[in-house]
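Listing of structure_8.pdb; format and content: PDB, C-alpha atoms, pLDDT in the B column.
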```pdb
ATOM      1  CA  MET A   1     -18.767 -62.742  13.703  1.00 42.00           C
ATOM      2  CA  ALA A   2     -16.248 -61.832  16.341  1.00 45.00           C
ATOM      3  CA  GLN A   3     -17.679 -60.359  19.504  1.00 48.00           C
ATOM      4  CA  LEU A   4     -17.147 -56.627  19.912  1.00 45.00           C
ATOM      5  CA  GLU A   5     -15.590 -55.302  23.079  1.00 49.00           C
ATOM      6  CA  ASP A   6     -17.914 -53.540  25.545  1.00 49.00           C
ATOM      7  CA  SER A   7     -15.996 -50.318  25.018  1.00 50.00           C
ATOM      8  CA  GLU A   8     -16.876 -50.490  21.322  1.00 49.00           C
ATOM      9  CA  LEU A   9     -20.566 -51.081  21.982  1.00 46.00           C
ATOM     10  CA  VAL A  10     -21.153 -48.398  24.567  1.00 50.00           C
ATOM     11  CA  LYS A  11     -20.631 -44.778  23.703  1.00 56.00           C
ATOM     12  CA  THR A  12     -19.831 -42.264  26.385  1.00 63.00           C
ATOM     13  CA  ARG A  13     -22.009 -39.237  26.941  1.00 60.00           C
ATOM     14  CA  GLU A  14     -19.292 -37.050  25.434  1.00 67.00           C
ATOM     15  CA  ASP A  15     -19.274 -39.181  22.295  1.00 75.00           C
ATOM     16  CA  VAL A  16     -23.047 -38.873  21.962  1.00 72.00           C
ATOM     17  CA  LEU A  17     -22.905 -35.099  22.366  1.00 71.00           C
ATOM     18  CA  ALA A  18     -20.082 -34.842  19.856  1.00 78.00           C
ATOM     19  CA  GLU A  19     -22.107 -36.920  17.374  1.00 79.00           C
ATOM     20  CA  ILE A  20     -25.155 -34.679  17.814  1.00 79.00           C
ATOM     21  CA  VAL A  21     -23.088 -31.533  17.234  1.00 81.00           C
ATOM     22  CA  ARG A  22     -21.425 -33.121  14.174  1.00 82.00           C
ATOM     23  CA  LEU A  23     -24.749 -34.031  12.603  1.00 84.00           C
ATOM     24  CA  HIS A  24     -26.941 -31.125  13.663  1.00 83.00           C
ATOM     25  CA  GLY A  25     -24.539 -28.349  14.607  1.00 85.00           C
ATOM     26  CA  VAL A  26     -24.333 -26.262  17.765  1.00 85.00           C
ATOM     27  CA  PRO A  27     -27.734 -25.668  19.426  1.00 86.00           C
ATOM     28  CA  LYS A  28     -29.187 -22.210  18.910  1.00 87.00           C
ATOM     29  CA  SER A  29     -30.573 -22.113  22.466  1.00 86.00           C
ATOM     30  CA  ILE A  30     -30.422 -24.181  25.649  1.00 84.00           C
ATOM     31  CA  ILE A  31     -33.100 -24.165  28.359  1.00 80.00           C
ATOM     32  CA  SER A  32     -31.899 -25.144  31.838  1.00 80.00           C
ATOM     33  CA  ASP A  33     -32.503 -24.456  35.493  1.00 75.00           C
ATOM     34  CA  ARG A  34     -30.365 -22.051  37.537  1.00 76.00           C
ATOM     35  CA  ASP A  35     -27.870 -24.565  38.812  1.00 77.00           C
ATOM     36  CA  PRO A  36     -24.481 -22.931  39.598  1.00 80.00           C
ATOM     37  CA  LYS A  37     -22.910 -25.049  36.846  1.00 81.00           C
ATOM     38  CA  PHE A  38     -25.142 -23.395  34.266  1.00 82.00           C
ATOM     39  CA  THR A  39     -24.831 -19.863  35.660  1.00 82.00           C
ATOM     40  CA  SER A  40     -21.030 -19.994  36.011  1.00 86.00           C
ATOM     41  CA  LYS A  41     -18.931 -17.523  34.058  1.00 86.00           C
ATOM     42  CA  PHE A  42     -17.113 -20.338  32.222  1.00 88.00           C
ATOM     43  CA  TRP A  43     -20.316 -21.978  30.941  1.00 87.00           C
ATOM     44  CA  MET A  44     -21.889 -18.666  29.941  1.00 87.00           C
ATOM     45  CA  SER A  45     -18.701 -17.501  28.185  1.00 89.00           C
ATOM     46  CA  LEU A  46     -18.388 -20.832  26.357  1.00 87.00           C
ATOM     47  CA  GLN A  47     -21.975 -20.726  25.086  1.00 87.00           C
ATOM     48  CA  LYS A  48     -21.610 -17.089  24.088  1.00 88.00           C
ATOM     49  CA  ALA A  49     -18.510 -17.953  22.045  1.00 88.00           C
ATOM     50  CA  MET A  50     -20.424 -20.799  20.379  1.00 86.00           C
ATOM     51  CA  GLY A  51     -23.351 -18.517  19.581  1.00 88.00           C
ATOM     52  CA  THR A  52     -25.814 -20.378  21.828  1.00 89.00           C
ATOM     53  CA  ASN A  53     -28.539 -18.397  23.599  1.00 89.00           C
ATOM     54  CA  LEU A  54     -28.963 -19.519  27.225  1.00 87.00           C
ATOM     55  CA  LYS A  55     -32.494 -19.475  28.653  1.00 83.00           C
ATOM     56  CA  PHE A  56     -32.973 -20.126  32.360  1.00 80.00           C
ATOM     57  CA  SER A  57     -36.160 -21.372  33.961  1.00 74.00           C
ATOM     58  CA  THR A  58     -37.790 -19.539  36.854  1.00 67.00           C
ATOM     59  CA  ALA A  59     -39.270 -20.914  40.047  1.00 62.00           C
ATOM     60  CA  PHE A  60     -42.759 -22.427  40.097  1.00 59.00           C
ATOM     61  CA  HIS A  61     -42.548 -23.617  36.488  1.00 60.00           C
ATOM     62  CA  PRO A  62     -43.008 -27.397  36.646  1.00 56.00           C
ATOM     63  CA  GLN A  63     -42.196 -27.819  32.951  1.00 59.00           C
ATOM     64  CA  THR A  64     -38.490 -27.717  33.848  1.00 62.00           C
ATOM     65  CA  ASP A  65     -38.679 -29.301  37.298  1.00 61.00           C
ATOM     66  CA  GLY A  66     -38.591 -33.099  37.319  1.00 64.00           C
ATOM     67  CA  GLN A  67     -39.552 -33.349  40.978  1.00 65.00           C
ATOM     68  CA  SER A  68     -42.622 -31.212  40.386  1.00 65.00           C
ATOM     69  CA  GLU A  69     -43.568 -33.310  37.363  1.00 68.00           C
ATOM     70  CA  ARG A  70     -43.440 -36.469  39.477  1.00 72.00           C
ATOM     71  CA  THR A  71     -45.551 -34.861  42.197  1.00 76.00           C
ATOM     72  CA  ILE A  72     -48.098 -33.663  39.643  1.00 76.00           C
ATOM     73  CA  GLN A  73     -48.322 -37.179  38.214  1.00 79.00           C
ATOM     74  CA  ILE A  74     -49.115 -38.610  41.660  1.00 83.00           C
ATOM     75  CA  LEU A  75     -51.742 -35.919  42.241  1.00 83.00           C
ATOM     76  CA  GLU A  76     -53.344 -36.707  38.890  1.00 83.00           C
ATOM     77  CA  ASP A  77     -53.648 -40.364  39.880  1.00 81.00           C
ATOM     78  CA  LEU A  78     -55.224 -39.397  43.209  1.00 81.00           C
ATOM     79  CA  LEU A  79     -57.649 -36.998  41.548  1.00 78.00           C
ATOM     80  CA  GLN A  80     -58.693 -39.650  39.056  1.00 77.00           C
ATOM     81  CA  ALA A  81     -59.441 -42.010  41.932  1.00 75.00           C
ATOM     82  CA  CYS A  82     -61.456 -39.288  43.686  1.00 71.00           C
ATOM     83  CA  VAL A  83     -63.463 -38.554  40.541  1.00 68.00           C
ATOM     84  CA  MET A  84     -64.314 -42.223  40.196  1.00 63.00           C
ATOM     85  CA  ASP A  85     -65.424 -42.410  43.845  1.00 62.00           C
ATOM     86  CA  PHE A  86     -67.345 -39.130  43.983  1.00 61.00           C
ATOM     87  CA  GLY A  87     -68.930 -39.530  40.576  1.00 61.00           C
ATOM     88  CA  GLY A  88     -71.498 -36.803  39.913  1.00 61.00           C
ATOM     89  CA  SER A  89     -70.924 -35.124  43.290  1.00 63.00           C
ATOM     90  CA  TRP A  90     -67.413 -33.898  42.255  1.00 61.00           C
ATOM     91  CA  SER A  91     -68.797 -30.392  41.359  1.00 75.00           C
ATOM     92  CA  LYS A  92     -70.095 -30.163  44.977  1.00 69.00           C
ATOM     93  CA  GLN A  93     -66.514 -30.646  46.282  1.00 67.00           C
ATOM     94  CA  LYS A  94     -65.357 -27.753  44.093  1.00 70.00           C
ATOM     95  CA  SER A  95     -68.057 -25.480  45.543  1.00 73.00           C
ATOM     96  CA  TYR A  96     -66.655 -26.086  49.036  1.00 72.00           C
ATOM     97  CA  ALA A  97     -63.141 -25.032  47.992  1.00 69.00           C
ATOM     98  CA  ASP A  98     -63.966 -22.029  45.789  1.00 71.00           C
ATOM     99  CA  PRO A  99     -65.023 -19.621  48.616  1.00 70.00           C
ATOM    100  CA  LYS A 100     -61.607 -20.052  50.269  1.00 65.00           C
ATOM    101  CA  ARG A 101     -59.662 -19.127  47.144  1.00 67.00           C
ATOM    102  CA  ARG A 102     -58.288 -15.615  46.844  1.00 67.00           C
ATOM    103  CA  ASP A 103     -56.794 -14.212  43.654  1.00 74.00           C
ATOM    104  CA  VAL A 104     -53.886 -11.859  44.407  1.00 79.00           C
ATOM    105  CA  THR A 105     -53.040  -9.352  41.706  1.00 86.00           C
ATOM    106  CA  PHE A 106     -50.751  -6.335  41.525  1.00 90.00           C
ATOM    107  CA  GLN A 107     -50.335  -3.448  39.116  1.00 90.00           C
ATOM    108  CA  PRO A 108     -47.138  -1.879  37.705  1.00 92.00           C
ATOM    109  CA  GLY A 109     -46.063   0.793  40.142  1.00 90.00           C
ATOM    110  CA  ASP A 110     -47.277  -1.082  43.225  1.00 90.00           C
ATOM    111  CA  HIS A 111     -44.770  -1.859  45.955  1.00 89.00           C
ATOM    112  CA  VAL A 112     -44.450  -5.331  47.457  1.00 90.00           C
ATOM    113  CA  PHE A 113     -42.308  -7.280  49.894  1.00 88.00           C
ATOM    114  CA  LEU A 114     -40.358 -10.316  48.669  1.00 87.00           C
ATOM    115  CA  ARG A 115     -40.370 -13.537  50.696  1.00 85.00           C
ATOM    116  CA  VAL A 116     -37.002 -15.040  51.671  1.00 82.00           C
ATOM    117  CA  SER A 117     -36.240 -18.143  53.732  1.00 75.00           C
ATOM    118  CA  PRO A 118     -33.338 -19.308  55.911  1.00 71.00           C
ATOM    119  CA  MET A 119     -31.389 -22.389  54.930  1.00 64.00           C
ATOM    120  CA  LYS A 120     -32.382 -25.621  56.649  1.00 52.00           C
ATOM    121  CA  GLY A 121     -29.305 -27.258  58.081  1.00 46.00           C
ATOM    122  CA  ILE A 122     -29.896 -28.150  61.741  1.00 40.00           C
ATOM    123  CA  ARG A 123     -32.354 -30.662  63.159  1.00 37.00           C
ATOM    124  CA  ARG A 124     -34.939 -28.813  65.204  1.00 41.00           C
ATOM    125  CA  PHE A 125     -36.862 -30.112  68.217  1.00 40.00           C
ATOM    126  CA  GLY A 126     -38.798 -26.967  69.087  1.00 42.00           C
ATOM    127  CA  LYS A 127     -41.114 -24.712  67.166  1.00 42.00           C
ATOM    128  CA  LYS A 128     -40.183 -23.663  63.654  1.00 47.00           C
ATOM    129  CA  GLY A 129     -39.963 -19.952  64.288  1.00 46.00           C
ATOM    130  CA  LYS A 130     -36.638 -19.809  62.528  1.00 46.00           C
ATOM    131  CA  LEU A 131     -38.284 -21.156  59.389  1.00 47.00           C
ATOM    132  CA  SER A 132     -41.220 -18.750  59.398  1.00 55.00           C
ATOM    133  CA  SER A 133     -41.734 -16.464  56.423  1.00 59.00           C
ATOM    134  CA  ARG A 134     -39.629 -13.332  56.275  1.00 76.00           C
ATOM    135  CA  PHE A 135     -39.661 -10.535  53.761  1.00 82.00           C
ATOM    136  CA  ILE A 136     -37.327  -7.912  52.314  1.00 83.00           C
ATOM    137  CA  GLY A 137     -38.164  -4.738  50.488  1.00 81.00           C
ATOM    138  CA  PRO A 138     -40.327  -2.999  49.520  1.00 86.00           C
ATOM    139  CA  PHE A 139     -39.674  -3.185  45.793  1.00 89.00           C
ATOM    140  CA  GLU A 140     -41.574  -1.654  42.904  1.00 90.00           C
ATOM    141  CA  ILE A 141     -43.399  -3.857  40.398  1.00 93.00           C
ATOM    142  CA  LEU A 142     -42.248  -3.097  36.856  1.00 94.00           C
ATOM    143  CA  GLU A 143     -44.559  -5.347  34.852  1.00 93.00           C
ATOM    144  CA  LYS A 144     -46.705  -8.458  34.937  1.00 92.00           C
ATOM    145  CA  VAL A 145     -45.125 -11.505  33.298  1.00 89.00           C
ATOM    146  CA  GLY A 146     -47.661 -14.121  32.265  1.00 84.00           C
ATOM    147  CA  GLN A 147     -50.612 -14.848  34.525  1.00 84.00           C
ATOM    148  CA  VAL A 148     -48.950 -15.388  37.919  1.00 86.00           C
ATOM    149  CA  ALA A 149     -45.517 -13.708  37.832  1.00 90.00           C
ATOM    150  CA  TYR A 150     -44.195 -10.174  38.208  1.00 93.00           C
ATOM    151  CA  ARG A 151     -40.927  -8.414  37.418  1.00 92.00           C
ATOM    152  CA  LEU A 152     -39.514  -6.320  40.272  1.00 93.00           C
ATOM    153  CA  ALA A 153     -37.075  -3.418  40.332  1.00 91.00           C
ATOM    154  CA  LEU A 154     -34.237  -4.868  42.417  1.00 88.00           C
ATOM    155  CA  PRO A 155     -31.246  -2.878  43.726  1.00 85.00           C
ATOM    156  CA  PRO A 156     -27.700  -3.563  42.438  1.00 84.00           C
ATOM    157  CA  SER A 157     -26.903  -5.505  45.630  1.00 80.00           C
ATOM    158  CA  LEU A 158     -29.388  -8.182  44.475  1.00 82.00           C
ATOM    159  CA  SER A 159     -28.080  -8.402  40.916  1.00 81.00           C
ATOM    160  CA  ALA A 160     -27.474 -12.154  41.302  1.00 79.00           C
ATOM    161  CA  VAL A 161     -31.180 -12.759  41.935  1.00 83.00           C
ATOM    162  CA  HIS A 162     -33.530 -13.232  38.967  1.00 85.00           C
ATOM    163  CA  ASN A 163     -36.060 -10.370  39.021  1.00 88.00           C
ATOM    164  CA  VAL A 164     -39.211 -12.316  38.032  1.00 90.00           C
ATOM    165  CA  PHE A 165     -41.164 -13.885  40.905  1.00 89.00           C
ATOM    166  CA  HIS A 166     -44.282 -15.975  41.381  1.00 88.00           C
ATOM    167  CA  VAL A 167     -47.167 -14.138  43.053  1.00 89.00           C
ATOM    168  CA  SER A 168     -46.960 -16.473  46.074  1.00 85.00           C
ATOM    169  CA  MET A 169     -43.554 -14.971  46.949  1.00 87.00           C
ATOM    170  CA  LEU A 170     -44.918 -11.426  47.096  1.00 90.00           C
ATOM    171  CA  ARG A 171     -46.813  -9.617  49.832  1.00 87.00           C
ATOM    172  CA  LYS A 172     -48.576  -6.298  49.534  1.00 85.00           C
ATOM    173  CA  TYR A 173     -46.650  -3.396  51.046  1.00 84.00           C
ATOM    174  CA  VAL A 174     -48.065  -2.058  54.292  1.00 75.00           C
ATOM    175  CA  SER A 175     -46.683   0.691  56.497  1.00 64.00           C
ATOM    176  CA  ASP A 176     -45.782  -1.476  59.523  1.00 58.00           C
ATOM    177  CA  PRO A 177     -45.080  -5.068  58.341  1.00 57.00           C
ATOM    178  CA  MET A 178     -43.794  -7.899  60.555  1.00 58.00           C
ATOM    179  CA  HIS A 179     -40.701  -9.991  59.839  1.00 53.00           C
ATOM    180  CA  VAL A 180     -39.237  -7.536  57.343  1.00 63.00           C
ATOM    181  CA  LEU A 181     -35.454  -7.823  57.028  1.00 63.00           C
ATOM    182  CA  SER A 182     -32.878  -5.441  55.665  1.00 64.00           C
ATOM    183  CA  TYR A 183     -31.505  -7.066  52.515  1.00 62.00           C
ATOM    184  CA  GLU A 184     -28.258  -5.096  52.906  1.00 57.00           C
ATOM    185  CA  ALA A 185     -27.448  -7.219  55.983  1.00 60.00           C
ATOM    186  CA  LEU A 186     -28.200 -10.551  54.261  1.00 66.00           C
ATOM    187  CA  GLU A 187     -26.032 -12.617  51.960  1.00 68.00           C
ATOM    188  CA  LEU A 188     -28.853 -13.824  49.727  1.00 71.00           C
ATOM    189  CA  GLN A 189     -28.373 -16.812  47.430  1.00 72.00           C
ATOM    190  CA  PRO A 190     -29.891 -16.793  43.905  1.00 73.00           C
ATOM    191  CA  ASP A 191     -32.754 -18.942  45.246  1.00 70.00           C
ATOM    192  CA  LEU A 192     -33.568 -16.252  47.879  1.00 73.00           C
ATOM    193  CA  SER A 193     -32.258 -18.309  50.797  1.00 72.00           C
ATOM    194  CA  TYR A 194     -29.834 -17.044  53.406  1.00 71.00           C
ATOM    195  CA  ASP A 195     -27.694 -18.529  56.165  1.00 72.00           C
ATOM    196  CA  GLU A 196     -29.241 -17.946  59.587  1.00 73.00           C
ATOM    197  CA  GLN A 197     -26.337 -17.360  61.984  1.00 78.00           C
ATOM    198  CA  PRO A 198     -26.783 -18.306  65.697  1.00 84.00           C
ATOM    199  CA  VAL A 199     -25.625 -15.546  68.032  1.00 85.00           C
ATOM    200  CA  GLN A 200     -26.489 -16.589  71.598  1.00 87.00           C
ATOM    201  CA  ILE A 201     -27.350 -19.554  73.851  1.00 89.00           C
ATOM    202  CA  LEU A 202     -30.404 -18.643  75.936  1.00 88.00           C
ATOM    203  CA  ASP A 203     -31.121 -21.821  77.889  1.00 89.00           C
ATOM    204  CA  ARG A 204     -30.288 -25.524  78.336  1.00 88.00           C
ATOM    205  CA  LYS A 205     -32.320 -28.661  79.029  1.00 89.00           C
ATOM    206  CA  GLU A 206     -32.199 -32.430  78.722  1.00 89.00           C
ATOM    207  CA  LYS A 207     -34.701 -34.445  76.697  1.00 86.00           C
ATOM    208  CA  VAL A 208     -35.327 -38.004  77.906  1.00 85.00           C
ATOM    209  CA  LEU A 209     -35.905 -40.491  75.106  1.00 82.00           C
ATOM    210  CA  ARG A 210     -36.684 -44.190  75.341  1.00 82.00           C
ATOM    211  CA  THR A 211     -33.075 -45.381  75.328  1.00 85.00           C
ATOM    212  CA  LYS A 212     -31.017 -42.278  76.023  1.00 85.00           C
ATOM    213  CA  THR A 213     -30.961 -38.676  77.207  1.00 88.00           C
ATOM    214  CA  ILE A 214     -29.884 -35.871  74.899  1.00 88.00           C
ATOM    215  CA  SER A 215     -28.776 -32.343  75.758  1.00 89.00           C
ATOM    216  CA  LEU A 216     -30.471 -29.409  74.039  1.00 90.00           C
ATOM    217  CA  VAL A 217     -29.701 -25.705  73.966  1.00 89.00           C
ATOM    218  CA  LYS A 218     -32.059 -22.859  73.131  1.00 88.00           C
ATOM    219  CA  VAL A 219     -30.442 -20.830  70.361  1.00 87.00           C
ATOM    220  CA  LEU A 220     -31.156 -17.263  69.346  1.00 84.00           C
ATOM    221  CA  SER A 221     -30.307 -16.583  65.717  1.00 79.00           C
ATOM    222  CA  ARG A 222     -29.537 -13.379  63.912  1.00 75.00           C
ATOM    223  CA  ASN A 223     -32.591 -11.722  62.348  1.00 70.00           C
ATOM    224  CA  SER A 224     -34.844 -13.587  64.828  1.00 72.00           C
ATOM    225  CA  LYS A 225     -36.763 -12.474  67.909  1.00 74.00           C
ATOM    226  CA  VAL A 226     -36.270 -14.020  71.359  1.00 79.00           C
ATOM    227  CA  GLU A 227     -39.615 -15.797  71.154  1.00 75.00           C
ATOM    228  CA  GLU A 228     -38.468 -17.404  67.886  1.00 73.00           C
ATOM    229  CA  ALA A 229     -35.414 -19.075  69.458  1.00 81.00           C
ATOM    230  CA  THR A 230     -35.258 -22.819  68.740  1.00 81.00           C
ATOM    231  CA  TRP A 231     -34.002 -25.876  70.625  1.00 85.00           C
ATOM    232  CA  GLU A 232     -30.999 -27.512  68.967  1.00 85.00           C
ATOM    233  CA  LEU A 233     -28.756 -30.474  69.738  1.00 87.00           C
ATOM    234  CA  GLU A 234     -25.972 -29.248  72.019  1.00 87.00           C
ATOM    235  CA  SER A 235     -23.482 -31.611  70.379  1.00 86.00           C
ATOM    236  CA  ASP A 236     -24.239 -30.189  66.926  1.00 84.00           C
ATOM    237  CA  MET A 237     -24.009 -26.604  68.122  1.00 85.00           C
ATOM    238  CA  LYS A 238     -20.653 -27.252  69.820  1.00 85.00           C
ATOM    239  CA  THR A 239     -19.349 -28.811  66.621  1.00 85.00           C
ATOM    240  CA  GLN A 240     -20.506 -25.969  64.384  1.00 82.00           C
ATOM    241  CA  HIS A 241     -20.479 -22.941  66.746  1.00 84.00           C
ATOM    242  CA  LEU A 242     -18.136 -23.619  69.639  1.00 85.00           C
ATOM    243  CA  GLU A 243     -17.623 -19.872  70.165  1.00 86.00           C
ATOM    244  CA  LEU A 244     -21.140 -19.595  71.644  1.00 84.00           C
ATOM    245  CA  PHE A 245     -20.123 -21.762  74.642  1.00 84.00           C
ATOM    246  CA  ARG A 246     -17.028 -19.813  75.653  1.00 77.00           C
TER     247      ARG A 246
END
```
Please re-express this file's structure in structure tokens.
Amino acid sequence: MAQLEDSELVKTREDVLAEIVRLHGVPKSIISDRDPKFTSKFWMSLQKAMGTNLKFSTAFHPQTDGQSERTIQILEDLLQACVMDFGGSWSKQKSYADPKRRDVTFQPGDHVFLRVSPMKGIRRFGKKGKLSSRFIGPFEILEKVGQVAYRLALPPSLSAVHNVFHVSMLRKYVSDPMHVLSYEALELQPDLSYDEQPVQILDRKEKVLRTKTISLVKVLSRNSKVEEATWELESDMKTQHLELFR
């Protein structure tokens, strides 16, 4: 029998998808994460025209997060090893951890702050004040979704953000909270991250390493306090924000 060409043996991904649609028809629903490719107007319009219902996953749901699944698998292996080592004393280890656990619950009508985080783009040598938790709000809780998630009443300016959040991203509303930002002044991404813009150089110093000396600058960023300024590479800051040195 004559040998087939490689191109005849290997089907492309498009060919496989076309074969699936030919045999089974267009899918009634598709579950995916919130990647910009899947939330784009073109993709959503195409699926709507095909009659496919798009369902997007939310944060903290490892069923649709491959990285989380891998991490959970490693933890399971470690826990199995611990159970084998501890044997019958495993319930004693649980008793040590239980008193430190705290169940956080809210009721519809309660007001909470929503945690946001700055994007991580610059290597940092100093303290991580710029990466500390910050909150926006307060927002009213509309309903409880499942066991650990809540739906919030978000303003129109946050329409691009999914309104269901894990309880770990919420903080109870108090009259004088710290690190609360005005969401009107932020350009929030759908994943609740925002670009932290440096606004001023406060100080300079040189850090002596084993083989070289590097220049650092202390940078104050927008939405941060003076004590939260961080030390950055001067070369990187000049490349990205030359206007701060003029």
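Going from CA of Phe42 (chain A) over to CA of Leu154 (chain A), you cover 25.2 Å.
When CA of Arg222 (chain A) is paired with CA of Arg34 (chain A), their separation reads 27.8 Å.
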For the file shown, what are the residues hit by the PyMOL selection byres ((chain A and resi 198) around 8), laid out as a VMD selection string? chain A and resid 196 to 197 199 to 200 219 to 222 241
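Taking all atoms listed in the file into account, Lys207 (chain A) lies nearest to A:Trp231 out of the set A:Tyr194, A:Phe135, A:Trp231, A:Phe245.
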Give me the result of the PyMOL selection byres ((chain A and resi 165) around 9) on this file, residue by residue, as a ChimeraX atom specification. /A:58-60,114,145,148-152,162-164,166-170
Could you tell me which residues the PyMOL selection byres ((chain A and resi 214) around 12) grabs in this file, written as a list in words? Phe125, Arg204, Lys205, Glu206, Lys207, Val208, Leu209, Arg210, Thr211, Lys212, Thr213, Ser215, Leu216, Val217, Trp231, Glu232, Leu233, Glu234, Ser235 and Asp236 of chain A
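Neighbours of Pro27 (chain A) closer than or equal to 12 Å, with only C-alpha atoms counted and sequence neighbours fewer than 5 positions away skipped, come out as Leu17, Ala18, Ile20, Val21, Arg22, Gln47, Lys48, Met50, Gly51, Thr52, Asn53 and Leu54 of chain A.
The gap separating CA of Val112 (chain A) from CA of Glu140 (chain A) is 6.5 Å, in Å to one decimal.
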Within 10 Å of Ala153 (chain A), counting only C-alpha atoms, which residues qualify if same-chain residues fewer than 2 places away don't, as a PyMOL selection string? chain A and resi 109+111+138-143+151+155-156+158+163-164
Counting only C-alpha atoms, the option among A:Gln147, A:Gln80, A:Ser45, A:Ser224 closest to Asp103 (chain A): A:Gln147
Report, as lines of an AutoDock Vina configuration file, the centre and edge lengths in Å (one decimal) of the axis-aligned box enclosing every listed atom of region 206-216 of chain A, padded by 4 Å on each side.
```
center_x = -32.7
center_y = -37.4
center_z = 76.4
size_x = 15.9
size_y = 24.0
size_z = 12.7
```
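Here the question is which of A:Gln107, A:Met44, A:Ser57, A:Asp195 gets nearest to Ile31 (chain A) using all atoms listed in the file, and that residue is A:Ser57.
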